[in-house]
Every structure is written in C-alpha cells, then in structure tokens.
$ cat start_15.txt   # compact mmCIF, C-alpha atoms and all ligand atoms
# COMPACT_ATOMS: atom_id res chain seq x y z
CA MET A 15 99.52 157.65 66.81
CA HIS A 16 98.67 155.02 64.23
CA GLN A 17 101.40 152.77 65.62
CA LEU A 18 100.12 153.21 69.16
CA ARG A 19 96.60 152.15 68.18
CA GLN A 20 98.00 149.07 66.51
CA TRP A 21 99.84 148.17 69.72
CA ASN A 22 96.62 148.65 71.66
CA ASN A 23 94.89 146.22 69.31
CA TYR A 24 97.66 143.68 69.78
CA GLY A 25 97.33 144.09 73.53
CA LEU A 26 93.60 143.51 73.40
CA ILE A 27 94.02 140.36 71.33
CA LEU A 28 96.74 139.10 73.66
CA LEU A 29 94.56 139.77 76.69
CA THR A 30 91.56 138.00 75.14
CA VAL A 31 93.65 134.96 74.23
CA SER A 32 95.19 134.67 77.68
CA VAL A 33 91.83 135.04 79.43
CA PHE A 34 90.50 132.28 77.18
CA ILE A 35 93.46 129.99 77.97
CA VAL A 36 93.21 130.57 81.71
CA ALA A 37 89.43 130.03 81.64
CA SER A 38 89.69 126.78 79.71
CA PHE A 39 92.38 125.49 82.05
CA ALA A 40 90.19 126.37 85.02
CA ALA A 41 87.23 124.57 83.44
CA ARG A 42 89.35 121.53 82.75
CA GLY A 43 90.71 121.60 86.30
CA GLN A 44 87.17 121.64 87.65
CA GLU A 45 86.23 118.74 85.40
CA SER A 46 89.14 116.58 86.43
CA ALA A 47 88.36 116.66 90.17
CA VAL A 48 86.36 113.48 90.69
CA SER A 49 84.39 113.53 93.92
CA LEU A 50 83.75 110.20 95.65
CA THR A 51 81.08 111.65 97.91
CA GLY A 52 78.15 109.23 97.90
CA VAL A 53 80.05 106.65 95.85
CA ILE A 54 79.72 102.97 96.80
CA ASP A 55 82.13 100.23 95.72
CA PHE A 56 80.07 97.04 95.44
CA HIS A 57 83.04 94.78 94.78
CA ALA A 58 86.01 95.25 97.09
CA HIS A 59 88.48 92.48 97.81
CA ALA A 60 90.79 92.75 100.82
CA GLY A 61 92.84 90.53 103.06
CA PRO A 62 93.18 88.26 104.90
CA ASP A 63 92.49 85.98 101.96
CA SER A 64 93.87 82.83 100.38
CA ARG A 65 94.80 84.97 97.37
CA PRO A 66 97.38 87.75 97.57
CA ARG A 67 95.74 91.07 98.47
CA SER A 68 97.14 94.59 98.44
CA LEU A 69 95.59 95.64 101.75
CA ASN A 70 93.48 94.24 104.56
CA ASP A 71 89.86 95.02 105.45
CA PHE A 72 90.80 97.73 107.96
CA GLU A 73 93.18 99.49 105.58
CA ALA A 74 90.65 99.24 102.75
CA VAL A 75 87.79 100.87 104.66
CA ARG A 76 90.02 103.56 106.18
CA ARG A 77 91.17 104.58 102.71
CA ALA A 78 87.64 104.52 101.34
CA SER A 79 86.51 106.67 104.22
CA GLN A 80 89.38 109.12 103.79
CA ALA A 81 88.47 109.41 100.11
CA GLY A 82 84.94 110.43 101.11
CA MET A 83 83.14 107.33 99.86
CA ARG A 84 79.73 106.32 101.19
CA GLY A 85 80.04 102.55 101.20
CA VAL A 86 82.02 99.42 100.46
CA VAL A 87 80.93 95.80 99.99
CA LEU A 88 83.67 93.41 101.10
CA LYS A 89 83.77 90.35 98.88
CA ASN A 90 85.60 87.12 99.50
CA HIS A 91 85.24 84.07 97.30
CA PHE A 92 85.76 81.53 100.05
CA THR A 93 84.55 82.87 103.35
CA MET A 94 81.69 84.91 104.73
CA THR A 95 82.34 88.64 105.17
CA ALA A 96 79.42 89.87 107.31
CA ASP A 97 81.58 89.49 110.43
CA ARG A 98 84.55 91.17 108.80
CA ALA A 99 82.35 94.05 107.65
CA ALA A 100 81.08 94.52 111.21
CA LEU A 101 84.66 94.64 112.52
CA ALA A 102 85.75 97.00 109.74
CA MET A 103 82.87 99.34 110.64
CA THR A 104 84.57 99.97 113.98
CA GLN A 105 87.50 101.57 112.12
CA VAL A 106 85.47 104.28 110.42
CA SER A 107 82.69 106.59 111.49
CA ASP A 108 81.15 107.62 108.22
CA LEU A 109 81.30 104.62 105.92
CA GLU A 110 78.75 101.84 105.36
CA VAL A 111 80.57 98.52 105.17
CA PHE A 112 78.67 95.44 104.02
CA GLY A 113 79.58 91.82 103.53
CA GLY A 114 78.08 88.69 102.13
CA VAL A 115 78.71 85.11 101.24
CA ALA A 116 79.77 83.53 97.94
CA LEU A 117 78.30 80.06 97.58
CA ASN A 118 81.46 78.29 96.49
CA ARG A 119 82.63 74.87 97.69
CA ALA A 120 84.38 76.33 100.75
CA VAL A 121 80.97 77.07 102.33
CA GLY A 122 79.37 73.91 100.99
CA GLY A 123 78.20 75.26 97.62
CA ILE A 124 74.50 76.07 97.43
CA ASN A 125 74.13 75.83 101.19
CA PRO A 126 71.12 77.64 102.68
CA GLU A 127 72.57 77.26 106.18
CA ALA A 128 75.52 79.48 105.19
CA VAL A 129 73.03 82.22 104.28
CA ARG A 130 71.01 81.72 107.47
CA GLN A 131 74.13 82.10 109.61
CA MET A 132 75.35 85.12 107.68
CA VAL A 133 72.08 86.91 108.37
CA ALA A 134 72.15 85.91 112.04
CA PHE A 135 75.62 87.32 112.70
CA ALA A 136 75.80 90.29 115.08
CA GLY A 137 76.19 93.65 113.40
CA GLY A 138 73.74 92.89 110.63
CA ARG A 139 76.21 93.68 107.87
CA GLY A 140 75.54 90.57 105.75
CA LYS A 141 73.70 91.81 102.69
CA VAL A 142 74.82 90.00 99.54
CA VAL A 143 74.55 86.37 98.42
CA TRP A 144 76.75 85.61 95.44
CA LEU A 145 76.00 82.48 93.43
CA PRO A 146 79.18 80.43 92.88
CA THR A 147 82.08 82.39 91.45
CA PHE A 148 85.36 80.47 91.04
CA ASP A 149 83.47 77.20 91.51
CA ALA A 150 80.67 78.04 89.08
CA GLU A 151 80.01 75.38 86.45
CA PHE A 152 80.21 77.97 83.66
CA TYR A 153 83.45 79.42 85.00
CA VAL A 154 85.17 76.06 85.46
CA THR A 155 84.00 74.44 82.23
CA ARG A 156 84.55 77.53 80.05
CA ALA A 157 88.20 77.51 81.09
CA GLY A 158 88.35 73.81 80.16
CA GLY A 159 89.29 72.92 83.74
CA SER A 160 88.66 69.58 85.38
CA ASP A 161 88.12 71.03 88.87
CA PRO A 162 84.91 70.12 90.64
CA TYR A 163 82.20 72.74 90.34
CA VAL A 164 78.96 73.75 91.98
CA ARG A 165 75.90 73.22 89.85
CA ILE A 166 73.04 75.74 90.07
CA VAL A 167 70.93 74.46 87.18
CA ALA A 168 70.32 70.80 86.34
CA ASN A 169 68.10 69.59 83.47
CA GLY A 170 67.02 73.15 82.80
CA GLU A 171 65.81 73.74 86.37
CA PRO A 172 67.37 75.37 89.43
CA VAL A 173 68.69 72.81 91.91
CA PRO A 174 66.33 72.48 94.92
CA GLU A 175 68.75 74.05 97.45
CA LEU A 176 68.93 77.14 95.26
CA LEU A 177 65.20 77.70 95.69
CA GLU A 178 65.73 77.61 99.45
CA VAL A 179 68.48 80.21 99.06
CA PHE A 180 66.15 82.43 96.99
CA GLU A 181 63.56 82.14 99.78
CA LEU A 182 66.10 83.35 102.34
CA VAL A 183 67.25 86.20 100.10
CA ALA A 184 63.64 87.33 99.72
CA GLU A 185 62.81 86.91 103.42
CA HIS A 186 65.82 88.95 104.60
CA ASP A 187 65.78 91.50 101.79
CA LEU A 188 69.25 90.56 100.59
CA VAL A 189 70.89 91.22 97.24
CA LEU A 190 71.09 88.22 94.93
CA ALA A 191 74.33 88.53 92.95
CA MET A 192 74.65 86.10 90.06
CA GLY A 193 78.35 85.24 90.53
CA HIS A 194 80.14 83.64 87.61
CA SER A 195 77.01 82.01 86.16
CA SER A 196 76.40 81.91 82.41
CA PRO A 197 74.08 84.51 80.84
CA GLU A 198 71.66 81.68 80.01
CA GLU A 199 71.58 80.58 83.67
CA VAL A 200 71.13 84.20 84.76
CA LEU A 201 68.20 84.69 82.39
CA LEU A 202 66.60 81.44 83.53
CA LEU A 203 67.01 82.20 87.24
CA ILE A 204 66.05 85.88 87.45
CA PRO A 205 62.31 85.37 86.77
CA ILE A 206 62.22 82.45 89.23
CA ALA A 207 63.90 84.53 91.94
CA ILE A 208 61.53 87.45 91.29
CA ASN A 209 58.55 85.13 91.55
CA MET A 210 59.82 84.02 94.94
CA GLY A 211 59.99 87.62 96.14
CA VAL A 212 63.64 88.52 95.51
CA GLU A 213 63.72 92.25 94.80
CA GLN A 214 67.39 93.17 94.42
CA ILE A 215 69.30 91.37 91.69
CA LEU A 216 72.82 92.15 90.57
CA VAL A 217 74.39 90.50 87.54
CA THR A 218 78.03 90.18 88.58
CA HIS A 219 80.43 91.73 86.02
CA VAL A 220 78.15 91.03 83.08
CA PHE A 221 80.89 91.48 80.47
CA GLY A 222 83.16 88.97 82.21
CA GLN A 223 80.34 86.42 81.86
CA ASP A 224 80.28 86.87 78.07
CA ALA A 225 76.75 88.27 77.92
CA ASN A 226 75.93 89.87 74.58
CA LEU A 227 73.94 93.06 74.13
CA GLN A 228 70.71 91.20 73.45
CA GLN A 229 71.07 89.21 76.68
CA MET A 230 71.87 92.41 78.59
CA ARG A 231 68.69 93.97 77.21
CA ARG A 232 66.70 91.01 78.52
CA MET A 233 68.35 91.28 81.94
CA ALA A 234 67.49 94.98 82.00
CA ALA A 235 63.89 94.23 81.02
CA LEU A 236 63.74 92.01 84.13
CA ASP A 237 64.88 95.03 86.19
CA ALA A 238 68.22 93.49 87.11
CA VAL A 239 71.18 95.77 87.73
CA MET A 240 74.30 94.77 85.79
CA GLU A 241 77.75 95.30 87.23
CA LEU A 242 80.58 96.89 85.27
CA ASP A 243 83.93 96.52 86.99
CA TRP A 244 87.01 98.67 86.66
CA LEU A 245 89.42 95.72 86.99
CA ALA A 246 88.36 94.34 83.59
CA ALA A 247 88.95 97.71 81.92
CA TYR A 248 92.15 98.35 83.89
CA SER A 249 93.59 95.00 82.86
CA GLY A 250 92.51 95.43 79.23
CA ASN A 251 89.90 92.64 79.11
CA VAL A 252 87.09 95.05 78.23
CA SER A 253 87.34 98.49 76.65
CA ILE A 254 85.65 101.52 78.15
CA GLU A 255 83.99 102.01 74.76
CA ASN A 256 82.27 98.62 75.14
CA TYR A 257 80.94 99.70 78.53
CA VAL A 258 79.80 103.06 77.21
CA ASP A 259 78.07 101.47 74.19
CA ALA A 260 76.07 99.15 76.47
CA ILE A 261 75.17 101.99 78.86
CA SER A 262 74.08 104.21 75.96
CA ALA A 263 72.01 101.43 74.37
CA ILE A 264 70.34 100.11 77.53
CA GLY A 265 70.40 103.01 80.00
CA ALA A 266 72.45 103.86 83.08
CA GLU A 267 69.52 102.91 85.34
CA ASN A 268 70.37 99.23 84.75
CA PHE A 269 74.07 99.36 85.62
CA LEU A 270 76.35 99.95 88.56
CA ILE A 271 80.08 100.45 88.57
CA SER A 272 82.50 98.80 91.00
CA SER A 273 86.27 98.49 91.30
CA ASP A 274 86.82 94.72 91.85
CA PHE A 275 90.21 95.88 93.15
CA GLY A 276 92.24 94.47 96.03
CA GLN A 277 94.69 92.27 94.11
CA ALA A 278 98.29 92.55 95.25
CA GLY A 279 100.00 95.15 93.07
CA ASN A 280 96.82 97.02 92.14
CA PRO A 281 95.82 100.41 93.59
CA ASP A 282 93.27 100.73 96.41
CA HIS A 283 89.52 100.76 95.80
CA ALA A 284 89.03 104.54 96.03
CA THR A 285 91.76 105.07 93.45
CA GLY A 286 90.07 102.51 91.22
CA MET A 287 86.65 104.17 91.51
CA THR A 288 88.18 107.58 90.77
CA ALA A 289 89.92 106.28 87.65
CA PHE A 290 86.75 104.51 86.49
CA ILE A 291 84.60 107.63 86.86
CA GLN A 292 87.25 109.71 85.10
CA ALA A 293 87.42 107.25 82.20
CA LEU A 294 83.62 107.17 81.77
CA ARG A 295 83.49 110.94 81.86
CA GLU A 296 86.19 111.23 79.22
CA ALA A 297 84.32 108.69 77.09
CA GLY A 298 81.36 111.07 77.07
CA LEU A 299 78.97 109.89 79.79
CA THR A 300 77.04 112.62 81.60
CA ALA A 301 77.35 113.40 85.30
CA SER A 302 73.84 112.10 85.90
CA GLN A 303 74.56 108.76 84.17
CA ILE A 304 77.66 108.31 86.32
CA ASP A 305 75.78 109.40 89.42
CA GLN A 306 73.15 106.74 88.78
CA MET A 307 75.72 103.95 88.42
CA ALA A 308 78.18 104.95 91.15
CA ARG A 309 75.73 106.26 93.76
CA THR A 310 72.00 105.76 93.23
CA ASN A 311 71.85 102.14 92.04
CA PRO A 312 74.26 100.59 94.56
CA ALA A 313 72.54 102.50 97.37
CA ARG A 314 69.14 101.23 96.27
CA LEU A 315 70.36 97.61 96.16
CA LEU A 316 71.79 97.94 99.68
CA GLY A 317 68.65 99.60 101.01
CA LEU A 318 70.44 102.85 101.88
ZN ZN A 401 86.20 90.10 92.23

$ encode --input "start_15.txt" --output "structure tokens"
Amino acid sequence: MHQLRQWNNYGLILLTVSVFIVASFAARGQESAVSLTGVIDFHAHAGPDSRPRSLNDFEAVRRASQAGMRGVVLKNHFTMTADRAALAMTQVSDLEVFGGVALNRAVGGINPEAVRQMVAFAGGRGKVVWLPTFDAEFYVTRAGGSDPYVRIVANGEPVPELLEVFELVAEHDLVLAMGHSSPEEVLLLIPIAINMGVEQILVTHVFGQDANLQQMRRMAALDAVMELDWLAAYSGNVSIENYVDAISAIGAENFLISSDFGQAGNPDHATGMTAFIQALREAGLTASQIDQMARTNPARLLGL
C-alpha cells in the first residue's frame, strides 16, 4: 500500500514535468514563427543590375508576396526603378511595389529632371529619392578613393540643384532618403528639407554612415526615421546588440528595419526580414517595437 502510494507520487511528478516540457516547447514553437504579414522591405536590390544579384525584380516580388509581405521598395544605385516597380506589380496581386531614383552620376548626380521624370512615369510607383550612394562625397573620400563624386554640400550649404530636388520631393510627397551622406551632412540638410515642406525623411542605414548615438538622437529629434539594415548585421559589420541599444535609447518610433538583400549568394528579401525580426526578438525587443519598425513606420513613409 505504502509502495503503491509512492509510485502514484512518482507518476504525478512525471506527469507534471512532461506537461511542463510540452507546454514550454509549444510556447517556444509559437514564438519562433515569424509572420511577415504587413511587413515592408524598404531596401530590396534585384536584377537586372550592373552588380551581381541573386534574383530579378519579378522573382523578388513573387517571393515577397508568397511570404505574405505587404510591400517592397526596389532600389538600384544607377538607374530609376519606378518603371521596374510598375512592371513587377503585374506579377503579384497583393503586394505594394515601389521604386525610386538614387542621384548618383549615372543619372547626372543631383539632377532635378531625373526626379521629375520618375514622378511622371506611368504606374505612379516612384516614391523614393536617395541622395548619392556609391558616388557620395563621404562614401568615396572615406574609403580613400580617387573616384569622382557627387557633392551635395559646398561651403557649408546645400548645392543649388539639391534645393530644387527638395522642392520636388515636397511637391510630390516623396520620401527623401539620405543615401551615403555623412551624419554631419544629414543633420545640416534635414532642417532645410523640412523647411521646404519635405515630410518623409529616411536616414539610409544610419550605422553604415558612422553616425554616433548623439547624432542619432538629433536625427530623431528632427523626426527623421533611421534605417537599420539586416545586411550589415548578417555580414558582421554591426552587431544586433548595437541596433538594440540604439532602439532602446532613442525609441522604435524613429527606426525602420530593411533587408538590403539581393546580392548574389545571399538569401531572398523575405528570408532576410524573417531572420532580422527573429534576431531582434531574441535580443529582447517587444512585439510592438518590432511592429513599429517593420510595419508601421515604413507604411507611414510610403503613405500606405
Ligand atoms: Zn543597398
């Protein structure tokens, strides 16, 4: 009798332990399923391009759509993507595809006419104007290169054509993305753009531009959204902890997350966004912080 009761106790303990194990596995399983519903990738490279890409525009948007994403911004450093976005939209029924123009030398640098034409293209998918990226003065000179570059600031003032570009961005409700400019240039230009009526400002991968926390705080105080890209974390240039520290210090309302994927050999954009969200979650960010950066902020910039 005594022995039987002891066995019953053992059984009860065993049952409790197994229920606990099963429950915690179930909870973990629930946690690990990242949903891309409503997620927008603001920085998607795809081919054709003059750099090797892992997939073309059509393949990229089909995959994003299959993964349940809400939107993708196609970015090319050398050519306008509003037309490509309009074509890509024909491949999917439930995905918002946007394009833009990066004001590098291939389109004439700070060339207002490139912006005017982008906006005029049928389909109306041109939404983003990036300041120079690979041809930015900061980008070229920081690397010690001797390549020609596109100047956006001279003698402490924006070059005159840039003011015309700001006017067009304001008039057509576009997103002004700061490209590969220096944090000092970004902080000089944001108030000027705002004064001219620009409402949506995105600081392109702010860590890649060597901005420090104090500069990021000033950008946030100007209501700019700062981009954090998965490529930099994936390739080991920035740690997730650095991202999380900045988000915790400044607030998720001033950031958005993007993949910056598309390079030959790298996974597709949806896979990148999933991994990014997973990594931020594991680093301790809340669902609402992630929601703000992956869904709310990019949608607001794009007017969705
Ligand atoms: Zn990129």

$ residues_near_point --input "start_15.txt" --point "(73.0, 89.8, 76.7)" --cutoff "12 Å" --atoms "only C-alpha atoms" --output "list in words"
Ser196, Pro197, Glu198, Glu199, Val200, Leu201, Val217, Val220, Phe221, Gly222, Gln223, Asp224, Ala225, Asn226, Leu227, Gln228, Gln229, Met230, Arg231, Arg232, Met233, Ala234, Ala235, Met240, Ala260, Ala263 and Ile264 of chain A

$ closest_residue --input "start_15.txt" --among "A:Val164, A:Ala102, A:Leu245, A:Leu188" --to "ligand ZN 401 (chain A)" --atoms "all atoms listed in the file"
A:Leu245

$ atom_distance --input "start_15.txt" --atom1 "atom CA of Glu178 of chain A" --atom2 "atom CA of Leu145 of chain A"
12.9 Å

$ residues_near_ligand --input "start_15.txt" --ligand "ligand ZN 401 (chain A)" --cutoff "7 Å" --atoms "only C-alpha atoms and all ligand atoms" --output "list in words"
His57, His59 and Asp274 of chain A

$ closest_residue --input "start_15.txt" --among "A:Leu202, A:Leu242, A:Met103, A:Leu270" --to "Ala168 of chain A" --atoms "all atoms listed in the file"
A:Leu202

$ atom_distance --input "start_15.txt" --atom1 "atom CA of Phe148 of chain A" --atom2 "atom CA of Leu318 of chain A"
29.0 Å

$ closest_residue --input "start_15.txt" --among "A:Gln131, A:Ser253, A:Ser49, A:Ser273" --to "Val87 of chain A" --atoms "only C-alpha atoms"
A:Ser273

$ residues_near_point --input "start_15.txt" --point "(79.7, 86.2, 106.1)" --cutoff "7 Å" --atoms "only C-alpha atoms" --output "ChimeraX atom specification"
/A:93-97,113-115,132,140

$ closest_residue --input "start_15.txt" --among "A:Gly158, A:Asp243, A:Ala74, A:Lys141" --to "Asp187 of chain A" --atoms "all atoms listed in the file"
A:Lys141

$ residues_around --input "start_15.txt" --residues "His194 of chain A" --least-positions-apart "5" --cutoff "6 Å" --atoms "all atoms listed in the file" --output "ChimeraX atom specification"
/A:147,150,153

$ residues_around --input "start_15.txt" --residues "Asp108 of chain A" --least-positions-apart "3" --cutoff "12 Å" --atoms "only C-alpha atoms" --output "list in words"
Thr51, Gly52, Val75, Arg76, Arg77, Ala78, Ser79, Gln80, Ala81, Gly82, Met83, Arg84, Gly85, Val86, Ala102, Met103, Thr104, Gln105 and Val111 of chain A

$ write_last_selection --input "start_15.txt" --atoms "C-alpha atoms" --output "compact mmCIF listing (two decimals), in the coordinates of the input"
# COMPACT_ATOMS: atom_id res chain seq x y z
CA THR A 51 81.08 111.65 97.91
CA GLY A 52 78.15 109.23 97.90
CA VAL A 75 87.79 100.87 104.66
CA ARG A 76 90.02 103.56 106.18
CA ARG A 77 91.17 104.58 102.71
CA ALA A 78 87.64 104.52 101.34
CA SER A 79 86.51 106.67 104.22
CA GLN A 80 89.38 109.12 103.79
CA ALA A 81 88.47 109.41 100.11
CA GLY A 82 84.94 110.43 101.11
CA MET A 83 83.14 107.33 99.86
CA ARG A 84 79.73 106.32 101.19
CA GLY A 85 80.04 102.55 101.20
CA VAL A 86 82.02 99.42 100.46
CA ALA A 102 85.75 97.00 109.74
CA MET A 103 82.87 99.34 110.64
CA THR A 104 84.57 99.97 113.98
CA GLN A 105 87.50 101.57 112.12
CA VAL A 111 80.57 98.52 105.17

$ closest_residue --input "start_15.txt" --among "A:Ser262, A:Asn311, A:Ser46, A:Asn90" --to "Pro62 of chain A" --atoms "all atoms listed in the file"
A:Asn90

$ atom_distance --input "start_15.txt" --atom1 "atom CA of Val179 of chain A" --atom2 "atom CA of Pro162 of chain A"
21.0 Å

$ closest_residue --input "start_15.txt" --among "A:Gly159, A:Glu241, A:Leu182, A:Gly193" --to "Ala134 of chain A" --atoms "only C-alpha atoms"
A:Leu182

$ residues_around --input "start_15.txt" --residues "Ile261 of chain A" --least-positions-apart "3" --cutoff "12 Å" --atoms "all atoms listed in the file" --output "JSON, numbers by chain"
{"A": [227, 230, 231, 234, 239, 240, 241, 242, 254, 255, 256, 257, 258, 264, 265, 266, 267, 268, 269, 270, 271, 294, 297, 298, 299, 300, 303, 304, 306, 307]}
